[in-house]
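S.K.: Take a look at target21.cif, mmCIF, C-alpha atoms:
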data_entry
#
loop_
_atom_site.label_atom_id
_atom_site.label_comp_id
_atom_site.auth_asym_id
_atom_site.auth_seq_id
_atom_site.Cartn_x
_atom_site.Cartn_y
_atom_site.Cartn_z
CA MET A 1 0.00 0.00 0.00
CA THR A 2 1.35 3.42 -0.85
CA ALA A 3 0.36 7.00 -0.12
CA LEU A 4 -0.98 7.21 -3.66
CA ASP A 5 -3.70 4.63 -2.96
CA ASP A 6 -7.11 5.92 -2.08
CA ARG A 7 -6.86 4.14 1.27
CA PRO A 8 -4.01 6.09 2.83
CA LEU A 9 -1.67 4.47 5.31
CA VAL A 10 -1.95 5.89 8.82
CA LEU A 11 1.15 5.32 10.95
CA ASP A 12 0.53 3.11 13.97
CA ALA A 13 1.32 4.07 17.56
CA ASP A 14 4.77 2.44 17.50
CA ALA A 15 5.84 4.33 14.39
CA ARG A 16 4.48 7.61 15.78
CA ALA A 17 6.34 6.98 19.01
CA ALA A 18 9.59 6.32 17.15
CA LEU A 19 9.28 9.49 15.05
CA PHE A 20 7.57 11.96 17.36
CA THR A 21 6.05 11.20 20.72
CA ASP A 22 8.73 9.05 22.38
CA ALA A 23 11.84 10.13 20.50
CA HIS A 24 14.34 12.14 22.52
CA THR A 25 17.45 14.07 21.63
CA VAL A 26 20.38 11.84 22.59
CA GLN A 27 23.12 13.11 24.87
CA ARG A 28 25.28 9.96 24.94
CA PHE A 29 25.62 7.38 22.20
CA ALA A 30 26.44 3.65 22.22
CA PRO A 31 29.61 2.55 20.38
CA THR A 32 27.46 0.66 17.81
CA PRO A 33 28.56 1.92 14.39
CA VAL A 34 26.32 3.53 11.78
CA THR A 35 26.94 1.77 8.47
CA ASP A 36 27.52 3.23 5.01
CA ALA A 37 24.29 1.53 3.94
CA GLN A 38 22.36 3.35 6.67
CA LEU A 39 23.76 6.74 5.64
CA THR A 40 22.86 6.03 2.02
CA GLU A 41 19.36 4.98 3.08
CA LEU A 42 19.02 8.09 5.21
CA TRP A 43 19.47 10.46 2.32
CA ASP A 44 17.41 8.21 0.03
CA LEU A 45 14.49 8.87 2.37
CA ALA A 46 14.97 12.51 3.28
CA ARG A 47 15.61 13.80 -0.22
CA TRP A 48 12.05 13.10 -1.42
CA ALA A 49 10.29 15.50 0.93
CA PRO A 50 9.29 18.84 -0.62
CA THR A 51 11.25 22.09 -0.93
CA ALA A 52 10.21 25.44 -2.35
CA ALA A 53 10.21 25.13 -6.14
CA ASN A 54 12.04 21.79 -5.71
CA LEU A 55 15.34 23.64 -5.24
CA GLN A 56 16.79 21.29 -2.56
CA PRO A 57 19.43 23.58 -1.05
CA LEU A 58 20.48 21.23 1.79
CA ARG A 59 23.95 19.69 1.71
CA LEU A 60 25.40 17.08 4.07
CA LEU A 61 28.84 16.38 5.44
CA PHE A 62 29.04 13.16 7.44
CA VAL A 63 31.97 13.42 9.86
CA ARG A 64 33.01 9.99 11.10
CA SER A 65 36.77 9.51 10.70
CA ALA A 66 39.02 10.11 13.68
CA GLN A 67 40.67 12.93 11.77
CA GLY A 68 37.34 14.52 10.79
CA ARG A 69 36.17 14.38 14.37
CA GLU A 70 39.37 16.02 15.60
CA ARG A 71 38.79 18.91 13.22
CA LEU A 72 35.12 19.31 14.18
CA LEU A 73 35.03 18.94 17.96
CA PRO A 74 36.94 22.13 18.86
CA LEU A 75 34.49 24.13 16.71
CA LEU A 76 31.46 22.99 18.73
CA ALA A 77 30.19 24.91 21.73
CA GLU A 78 31.87 23.46 24.81
CA GLN A 79 28.70 21.86 26.19
CA ASN A 80 28.19 20.03 22.87
CA ARG A 81 31.64 18.42 22.58
CA ASP A 82 31.06 15.44 24.85
CA ARG A 83 27.86 14.57 23.04
CA ALA A 84 29.47 14.68 19.61
CA ALA A 85 32.52 12.78 20.88
CA THR A 86 30.35 9.72 21.63
CA ALA A 87 28.42 9.81 18.32
CA PRO A 88 29.57 7.40 15.59
CA VAL A 89 28.58 10.00 12.98
CA THR A 90 28.09 13.73 13.27
CA ALA A 91 26.40 15.32 10.26
CA VAL A 92 27.07 18.95 9.39
CA LEU A 93 23.98 20.30 7.63
CA ALA A 94 24.69 23.17 5.26
CA ARG A 95 22.86 25.23 2.68
CA ASP A 96 24.44 25.56 -0.73
CA ASP A 97 24.57 29.28 -1.50
CA ARG A 98 24.66 28.33 -5.20
CA PHE A 99 21.62 26.06 -5.11
CA HIS A 100 20.24 28.04 -8.05
CA ASP A 101 22.88 26.45 -10.32
CA ALA A 102 20.68 23.32 -10.26
CA ILE A 103 17.57 25.08 -11.63
CA PRO A 104 18.00 23.75 -15.21
CA HIS A 105 17.97 20.22 -13.80
CA VAL A 106 15.51 20.36 -10.87
CA ALA A 107 13.11 23.14 -11.90
CA PRO A 108 13.62 23.92 -15.60
CA TYR A 109 10.31 25.81 -15.80
CA LEU A 110 11.87 28.40 -13.44
CA SER A 111 14.77 29.40 -15.69
CA GLY A 112 13.82 33.05 -15.20
CA LEU A 113 14.54 32.76 -11.48
CA GLN A 114 18.16 31.76 -11.97
CA PRO A 115 19.57 35.21 -12.92
CA VAL A 116 17.41 36.88 -10.25
CA LEU A 117 18.93 34.67 -7.56
CA GLU A 118 22.42 35.11 -9.00
CA GLU A 119 22.20 38.85 -8.43
CA ASN A 120 20.42 38.84 -5.10
CA ASP A 121 22.44 37.55 -2.16
CA GLY A 122 19.70 38.28 0.36
CA MET A 123 17.00 36.48 -1.61
CA ARG A 124 19.32 33.50 -2.04
CA ALA A 125 20.10 33.33 1.68
CA GLU A 126 16.43 33.64 2.62
CA MET A 127 15.04 31.18 0.09
CA GLY A 128 17.88 28.69 0.47
CA GLY A 129 17.93 29.03 4.24
CA TYR A 130 14.23 28.33 4.59
CA SER A 131 14.14 25.20 2.46
CA ALA A 132 17.42 23.89 3.88
CA ALA A 133 15.88 24.17 7.35
CA LEU A 134 12.74 22.33 6.16
CA GLN A 135 15.06 19.63 4.85
CA ALA A 136 16.92 19.54 8.17
CA GLY A 137 13.57 18.76 9.81
CA TYR A 138 12.96 15.96 7.30
CA LEU A 139 16.45 14.59 7.88
CA ILE A 140 16.04 14.45 11.66
CA LEU A 141 12.83 12.45 11.25
CA ALA A 142 14.45 10.23 8.59
CA VAL A 143 17.21 9.40 11.08
CA ARG A 144 14.50 8.27 13.48
CA ALA A 145 12.65 6.37 10.73
CA LEU A 146 15.75 4.19 10.38
CA GLY A 147 15.73 3.31 14.07
CA LEU A 148 18.63 5.64 14.77
CA ALA A 149 18.67 8.51 17.25
CA ALA A 150 19.40 12.11 16.32
CA GLY A 151 21.00 14.76 18.46
CA PRO A 152 20.70 18.16 16.74
CA MET A 153 22.96 20.96 18.03
CA ALA A 154 22.78 24.59 16.98
CA GLY A 155 25.67 25.73 19.18
CA PHE A 156 28.84 25.76 17.10
CA ASP A 157 31.20 28.14 15.33
CA LYS A 158 29.63 28.38 11.88
CA ALA A 159 32.35 30.52 10.35
CA GLY A 160 34.96 28.18 11.81
CA VAL A 161 33.25 25.08 10.42
CA ASP A 162 32.88 26.74 7.01
CA ALA A 163 36.57 27.66 6.97
CA GLU A 164 37.69 24.21 8.15
CA PHE A 165 35.45 22.03 5.96
CA PHE A 166 33.88 24.17 3.23
CA ALA A 167 36.65 26.60 2.18
CA GLY A 168 36.39 27.38 -1.53
CA THR A 169 32.84 26.01 -1.72
CA PRO A 170 29.46 27.76 -1.46
CA TRP A 171 28.35 25.52 1.44
CA LYS A 172 27.27 27.40 4.60
CA SER A 173 26.87 25.35 7.79
CA GLU A 174 23.54 25.70 9.61
CA LEU A 175 23.12 22.79 12.05
CA VAL A 176 25.06 19.84 13.44
CA VAL A 177 23.27 16.53 14.07
CA ASN A 178 24.76 13.61 15.97
CA ILE A 179 23.57 10.23 14.66
CA GLY A 180 23.80 6.82 16.31
CA TYR A 181 22.21 4.54 18.90
CA PRO A 182 21.48 5.71 22.45
CA ALA A 183 23.95 4.65 25.13
CA ALA A 184 22.72 2.03 27.60
CA GLN A 185 22.95 4.61 30.39
CA ASP A 186 22.52 8.37 30.61
CA ALA A 187 21.48 8.60 26.97
CA PHE A 188 18.68 11.09 27.60
CA ARG A 189 17.93 14.07 29.78
CA PRO A 190 14.37 14.62 31.05
CA ARG A 191 12.23 16.08 28.31
CA MET A 192 11.57 19.81 28.51
CA PRO A 193 7.94 20.97 28.34
CA ARG A 194 6.17 21.72 25.07
CA LEU A 195 3.87 24.69 24.59
CA ALA A 196 0.16 24.07 25.08
CA PRO A 197 -1.87 23.87 21.86
CA LYS A 198 -3.91 26.90 22.99
CA ASP A 199 -0.73 29.02 22.74
CA VAL A 200 0.13 27.73 19.28
CA VAL A 201 -2.99 26.84 17.29
CA ARG A 202 -5.76 29.12 16.03
CA PHE A 203 -8.64 28.67 13.59
CA ALA A 204 -10.22 30.89 10.96
CA MET B 1 8.02 -0.98 21.60
CA THR B 2 9.25 2.59 21.83
CA ALA B 3 12.27 4.43 20.56
CA LEU B 4 13.66 4.32 24.09
CA ASP B 5 13.97 0.54 24.01
CA ASP B 6 17.35 -0.89 23.12
CA ARG B 7 15.76 -2.60 20.10
CA PRO B 8 14.82 0.45 18.04
CA LEU B 9 11.82 0.39 15.75
CA VAL B 10 12.75 0.70 12.07
CA LEU B 11 9.90 1.96 9.88
CA ASP B 12 8.74 -0.59 7.31
CA ALA B 13 8.56 0.07 3.57
CA ASP B 14 4.89 1.12 3.67
CA ALA B 15 5.49 3.72 6.36
CA ARG B 16 8.59 5.03 4.56
CA ALA B 17 6.59 5.27 1.36
CA ALA B 18 3.80 7.19 3.12
CA LEU B 19 6.22 9.67 4.68
CA PHE B 20 8.98 10.01 2.11
CA THR B 21 9.43 7.93 -0.98
CA ASP B 22 5.90 7.80 -2.44
CA ALA B 23 4.37 10.94 -0.93
CA HIS B 24 3.66 13.74 -3.41
CA THR B 25 2.61 17.33 -3.03
CA VAL B 26 -1.11 17.42 -3.79
CA GLN B 27 -2.49 19.79 -6.41
CA ARG B 28 -6.18 18.84 -6.10
CA PHE B 29 -7.96 17.58 -3.01
CA ALA B 30 -11.00 15.34 -2.48
CA PRO B 31 -13.99 16.89 -0.68
CA THR B 32 -13.46 14.49 2.28
CA PRO B 33 -13.27 16.70 5.38
CA VAL B 34 -10.36 16.85 7.83
CA THR B 35 -11.77 16.50 11.35
CA ASP B 36 -11.05 18.51 14.48
CA ALA B 37 -9.67 15.33 16.01
CA GLN B 38 -7.17 14.98 13.14
CA LEU B 39 -5.97 18.57 13.51
CA THR B 40 -5.54 18.04 17.26
CA GLU B 41 -3.64 14.80 16.60
CA LEU B 42 -1.47 16.55 14.01
CA TRP B 43 -0.11 19.08 16.46
CA ASP B 44 0.14 16.43 19.20
CA LEU B 45 2.64 14.65 16.95
CA ALA B 46 4.58 17.52 15.45
CA ARG B 47 5.15 19.45 18.65
CA TRP B 48 7.46 16.81 20.17
CA ALA B 49 10.22 17.07 17.57
CA PRO B 50 13.24 19.13 18.61
CA THR B 51 13.88 22.88 18.28
CA ALA B 52 16.94 24.93 19.19
CA ALA B 53 16.96 25.32 22.98
CA ASN B 54 13.37 23.94 22.99
CA LEU B 55 12.05 27.38 22.04
CA GLN B 56 9.26 26.15 19.68
CA PRO B 57 8.66 29.33 17.66
CA LEU B 58 6.17 27.81 15.17
CA ARG B 59 2.53 28.93 15.30
CA LEU B 60 -0.39 27.55 13.29
CA LEU B 61 -3.53 29.07 11.86
CA PHE B 62 -5.90 26.48 10.39
CA VAL B 63 -8.08 28.17 7.78
CA ARG B 64 -11.19 26.11 7.04
CA SER B 65 -14.33 28.26 7.30
CA ALA B 66 -15.84 29.71 4.13
CA GLN B 67 -15.12 33.16 5.47
CA GLY B 68 -11.52 32.35 6.39
CA ARG B 69 -10.93 30.89 2.95
CA GLU B 70 -12.37 34.01 1.27
CA ARG B 71 -9.90 36.14 3.19
CA LEU B 72 -6.92 33.91 2.41
CA LEU B 73 -7.32 32.96 -1.25
CA PRO B 74 -6.73 36.42 -2.77
CA LEU B 75 -3.45 36.67 -0.83
CA LEU B 76 -2.01 33.54 -2.44
CA ALA B 77 0.01 33.64 -5.65
CA GLU B 78 -2.39 33.16 -8.55
CA GLN B 79 -1.10 29.71 -9.48
CA ASN B 80 -1.71 28.55 -5.88
CA ARG B 81 -5.35 29.64 -5.52
CA ASP B 82 -7.01 26.67 -7.24
CA ARG B 83 -5.02 24.24 -5.15
CA ALA B 84 -5.97 25.92 -1.87
CA ALA B 85 -9.59 26.28 -3.00
CA THR B 86 -9.99 22.49 -3.11
CA ALA B 87 -8.26 21.83 0.25
CA PRO B 88 -10.53 21.23 3.25
CA VAL B 89 -7.93 22.93 5.47
CA THR B 90 -5.16 25.34 4.61
CA ALA B 91 -2.66 25.91 7.42
CA VAL B 92 -0.75 29.17 7.67
CA LEU B 93 2.56 28.46 9.38
CA ALA B 94 4.03 31.43 11.21
CA ARG B 95 6.91 32.18 13.53
CA ASP B 96 6.13 34.01 16.73
CA ASP B 97 8.49 36.98 16.89
CA ARG B 98 8.03 36.92 20.68
CA PHE B 99 8.86 33.25 21.13
CA HIS B 100 11.36 34.30 23.80
CA ASP B 101 8.46 35.19 26.13
CA ALA B 102 8.08 31.43 26.72
CA ILE B 103 11.66 30.93 27.97
CA PRO B 104 10.70 30.81 31.68
CA HIS B 105 8.35 27.92 30.84
CA VAL B 106 10.12 25.96 28.09
CA ALA B 107 13.80 26.64 28.81
CA PRO B 108 14.14 28.14 32.31
CA TYR B 109 17.89 27.44 32.38
CA LEU B 110 18.25 29.98 29.55
CA SER B 111 16.85 32.97 31.45
CA GLY B 112 19.91 34.99 30.44
CA LEU B 113 18.95 34.65 26.78
CA GLN B 114 15.58 36.33 27.21
CA PRO B 115 16.80 39.96 27.49
CA VAL B 116 19.38 39.38 24.73
CA LEU B 117 16.63 38.29 22.32
CA GLU B 118 14.34 41.10 23.48
CA GLU B 119 16.91 43.64 22.33
CA ASN B 120 18.08 41.95 19.15
CA ASP B 121 15.51 41.83 16.34
CA GLY B 122 17.92 40.18 13.91
CA MET B 123 18.92 37.40 16.30
CA ARG B 124 15.24 36.77 17.06
CA ALA B 125 14.32 36.56 13.38
CA GLU B 126 17.25 34.25 12.62
CA MET B 127 16.84 31.92 15.59
CA GLY B 128 13.04 31.87 15.43
CA GLY B 129 13.01 31.54 11.66
CA TYR B 130 15.35 28.57 11.65
CA SER B 131 13.52 26.52 14.27
CA ALA B 132 10.09 27.46 12.88
CA ALA B 133 11.23 26.10 9.51
CA LEU B 134 12.49 22.89 11.15
CA GLN B 135 9.05 22.60 12.75
CA ALA B 136 7.39 23.21 9.38
CA GLY B 137 9.31 20.18 8.09
CA TYR B 138 8.11 18.12 11.06
CA LEU B 139 4.54 19.28 10.49
CA ILE B 140 4.53 18.30 6.82
CA LEU B 141 5.68 14.79 7.74
CA ALA B 142 3.18 14.62 10.63
CA VAL B 143 0.39 15.40 8.13
CA ARG B 144 1.56 12.41 6.11
CA ALA B 145 1.90 10.24 9.23
CA LEU B 146 -1.85 10.69 9.76
CA GLY B 147 -2.63 9.43 6.25
CA LEU B 148 -3.34 12.94 5.02
CA ALA B 149 -1.66 14.69 2.10
CA ALA B 150 0.20 18.00 2.40
CA GLY B 151 0.57 20.68 -0.24
CA PRO B 152 3.11 23.27 0.93
CA MET B 153 3.15 26.62 -0.92
CA ALA B 154 5.71 29.36 -0.46
CA GLY B 155 4.12 31.74 -2.98
CA PHE B 156 1.86 34.15 -1.14
CA ASP B 157 1.74 37.74 0.08
CA LYS B 158 3.29 37.45 3.53
CA ALA B 159 2.71 41.06 4.53
CA GLY B 160 -0.87 40.77 3.32
CA VAL B 161 -1.51 37.59 5.30
CA ASP B 162 0.05 39.12 8.41
CA ALA B 163 -2.16 42.21 8.08
CA GLU B 164 -5.31 40.19 7.40
CA PHE B 165 -4.90 37.48 10.04
CA PHE B 166 -2.17 38.47 12.49
CA ALA B 167 -2.61 42.23 12.97
CA GLY B 168 -1.70 43.27 16.51
CA THR B 169 0.12 39.96 17.14
CA PRO B 170 3.80 39.01 16.80
CA TRP B 171 3.01 36.17 14.35
CA LYS B 172 4.86 36.36 11.01
CA SER B 173 3.64 34.06 8.22
CA GLU B 174 6.28 31.87 6.57
CA LEU B 175 4.57 29.04 4.66
CA VAL B 176 1.09 27.88 3.65
CA VAL B 177 0.26 24.15 3.67
CA ASN B 178 -2.89 22.65 2.17
CA ILE B 179 -4.10 19.58 4.08
CA GLY B 180 -6.60 16.93 2.98
CA TYR B 181 -7.02 13.79 0.91
CA PRO B 182 -5.91 13.61 -2.74
CA ALA B 183 -8.65 14.01 -5.36
CA ALA B 184 -9.56 10.86 -7.29
CA GLN B 185 -8.23 12.47 -10.48
CA ASP B 186 -5.47 14.96 -11.26
CA ALA B 187 -4.30 15.03 -7.65
CA PHE B 188 -0.62 14.95 -8.52
CA ARG B 189 1.78 16.33 -11.09
CA PRO B 190 4.75 14.23 -12.21
CA ARG B 191 7.48 14.36 -9.63
CA MET B 192 10.39 16.67 -10.38
CA PRO B 193 13.90 15.19 -10.17
CA ARG B 194 15.93 15.11 -6.99
CA LEU B 195 19.63 15.92 -6.85
CA ALA B 196 22.01 12.97 -7.00
CA PRO B 197 23.61 12.01 -3.69
CA LYS B 198 27.06 12.76 -5.15
CA ASP B 199 26.03 16.42 -5.43
CA VAL B 200 24.74 16.59 -1.88
CA VAL B 201 26.66 14.22 0.40
CA ARG B 202 30.33 14.31 1.45
CA PHE B 203 32.35 12.49 4.09
CA ALA B 204 35.15 13.54 6.42
#
Transcribe the structure of this file into structure tokens.
M.R.:
Amino acid sequence: MTALDDRPLVLDADARAALFTDAHTVQRFAPTPVTDAQLTELWDLARWAPTAANLQPLRLLFVRSAQGRERLLPLLAEQNRDRAATAPVTAVLARDDRFHDAIPHVAPYLSGLQPVLEENDGMRAEMGGYSAALQAGYLILAVRALGLAAGPMAGFDKAGVDAEFFAGTPWKSELVVNIGYPAAQDAFRPRMPRLAPKDVVRFA
Amino acid sequence: MTALDDRPLVLDADARAALFTDAHTVQRFAPTPVTDAQLTELWDLARWAPTAANLQPLRLLFVRSAQGRERLLPLLAEQNRDRAATAPVTAVLARDDRFHDAIPHVAPYLSGLQPVLEENDGMRAEMGGYSAALQAGYLILAVRALGLAAGPMAGFDKAGVDAEFFAGTPWKSELVVNIGYPAAQDAFRPRMPRLAPKDVVRFA
């Protein structure tokens, strides 16, 4: 059964728990490795979810070698280093500031937009930033869909990461996400409260 | 089984198809209504996924009355009006520019951040905008998790929507998402291509 049938699939309680209601940000990871096949699968899922005009500005750097980790850890906020140090993979999520170069391939009907974006740095940052953040949301849930745990961290030296890993490229780091399996102990902190629906949702 | 067990749940092919690989943006919706219970369930899922410092800046306006729809449709880009006209619910996703007011409740350990954000419009827009976009990604996948179809649309008059629906509030519209069931015919357009992993993914 697929989502294109007229009887749509509704996720059961276990799947909802894994993606949303029971999933926690992980503070400490188990040594269990994340395989190449899992990382391939991860992007094979996340890349299908929608972006504005199909422009797909998100880019991914999977840091997993000892050397890569050594370069990344000092650029994280101090309170984030221990968490990343235990993760088998830490993904740096970036937006490609030249995502508009792909327009002829991914959105050929928008050829008129390409020169507009070329000339407008602010429009590029806004449009690319928004869809890359949407895609970061998809990626975090795709990590969970594979039975892995995600630990997103916004606290890091973006300019430092860009200089260290993305020099000479148009990639701009936006978020860092640890990926792996939760440690047997002290994997999670107590969950912080969520806003009440009455403070978030309105009707018209 | 929950994601906190040591045997993590991996989503099966049907669930992956419903969320990622087979799900399409819907262009035409069936008249089947979306219930109050479904909208409640939708936010009950999406609100648990992570935001930077747990600050949860996303806000939702569900437009579904005839009057609400009449106010919204003229503010959409022309090519988006037919799509929204067939949707039983169109959600306006906004960021709350005063999300920092919730810090004492949702992130009390960050009390020092509250006055910094109060004084810094740019930091508020950047931080709130990023996490609200992450949450928009979660919401789109939560729509799909409930067996509903989502049709996100970035083309609309943001200032017009803010004036019409959010005057006197700190809500700033960012994205519009149609929600419902696909029409029996002409629900989908052919899928546009995705970038190849080699253009997106690197390792270090």
S.K.: So how far away is atom CA of A:His100 from atom CA of A:Val116, in Å?
M.R.: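 Distance between the two atoms: 9.5 Å.
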S.K.: I'd like the contact shell of stretch 11-25 of chain B - 9 Å cut-off, all atoms listed in the file, skipping same-chain residues fewer than 3 positions apart - returned as an NGL selection string.
M.R.: (:A and (1-4 or 8-11 or 15 or 18 or 44-50 or 138 or 142 or 144-147)) or (:B and (141-145 or 147 or 149-152 or 187-191))
S.K.: Taking into account all atoms listed in the file, which residue in the set A:Glu119, A:Asp199, A:Asp97, A:Asp186 is nearest to chain B?
M.R.: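 Between A:Glu119, A:Asp199, A:Asp97, A:Asp186, the residue approaching chain B most closely is A:Asp199.
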S.K.: Would you translate the PyMOL selection byres ((chain B and resi 184) around 9) into the concrete set of residues it matches in this file, as a list in words?
M.R.: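 Selected by the PyMOL selection byres ((chain B and resi 184) around 9) here: Asp6 of chain A; Arg28, Phe29, Ala30, Pro182, Ala183, Gln185, Asp186 and Ala187 of chain B.
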S.K.: Looking at all atoms listed in the file, which of B:Gly168, B:Gly180, B:Gly122, B:Gly112 is the one that sits closest to B:Arg64?
M.R.: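 Of B:Gly168, B:Gly180, B:Gly122, B:Gly112, the one nearest B:Arg64 is B:Gly180, counting all atoms listed in the file.
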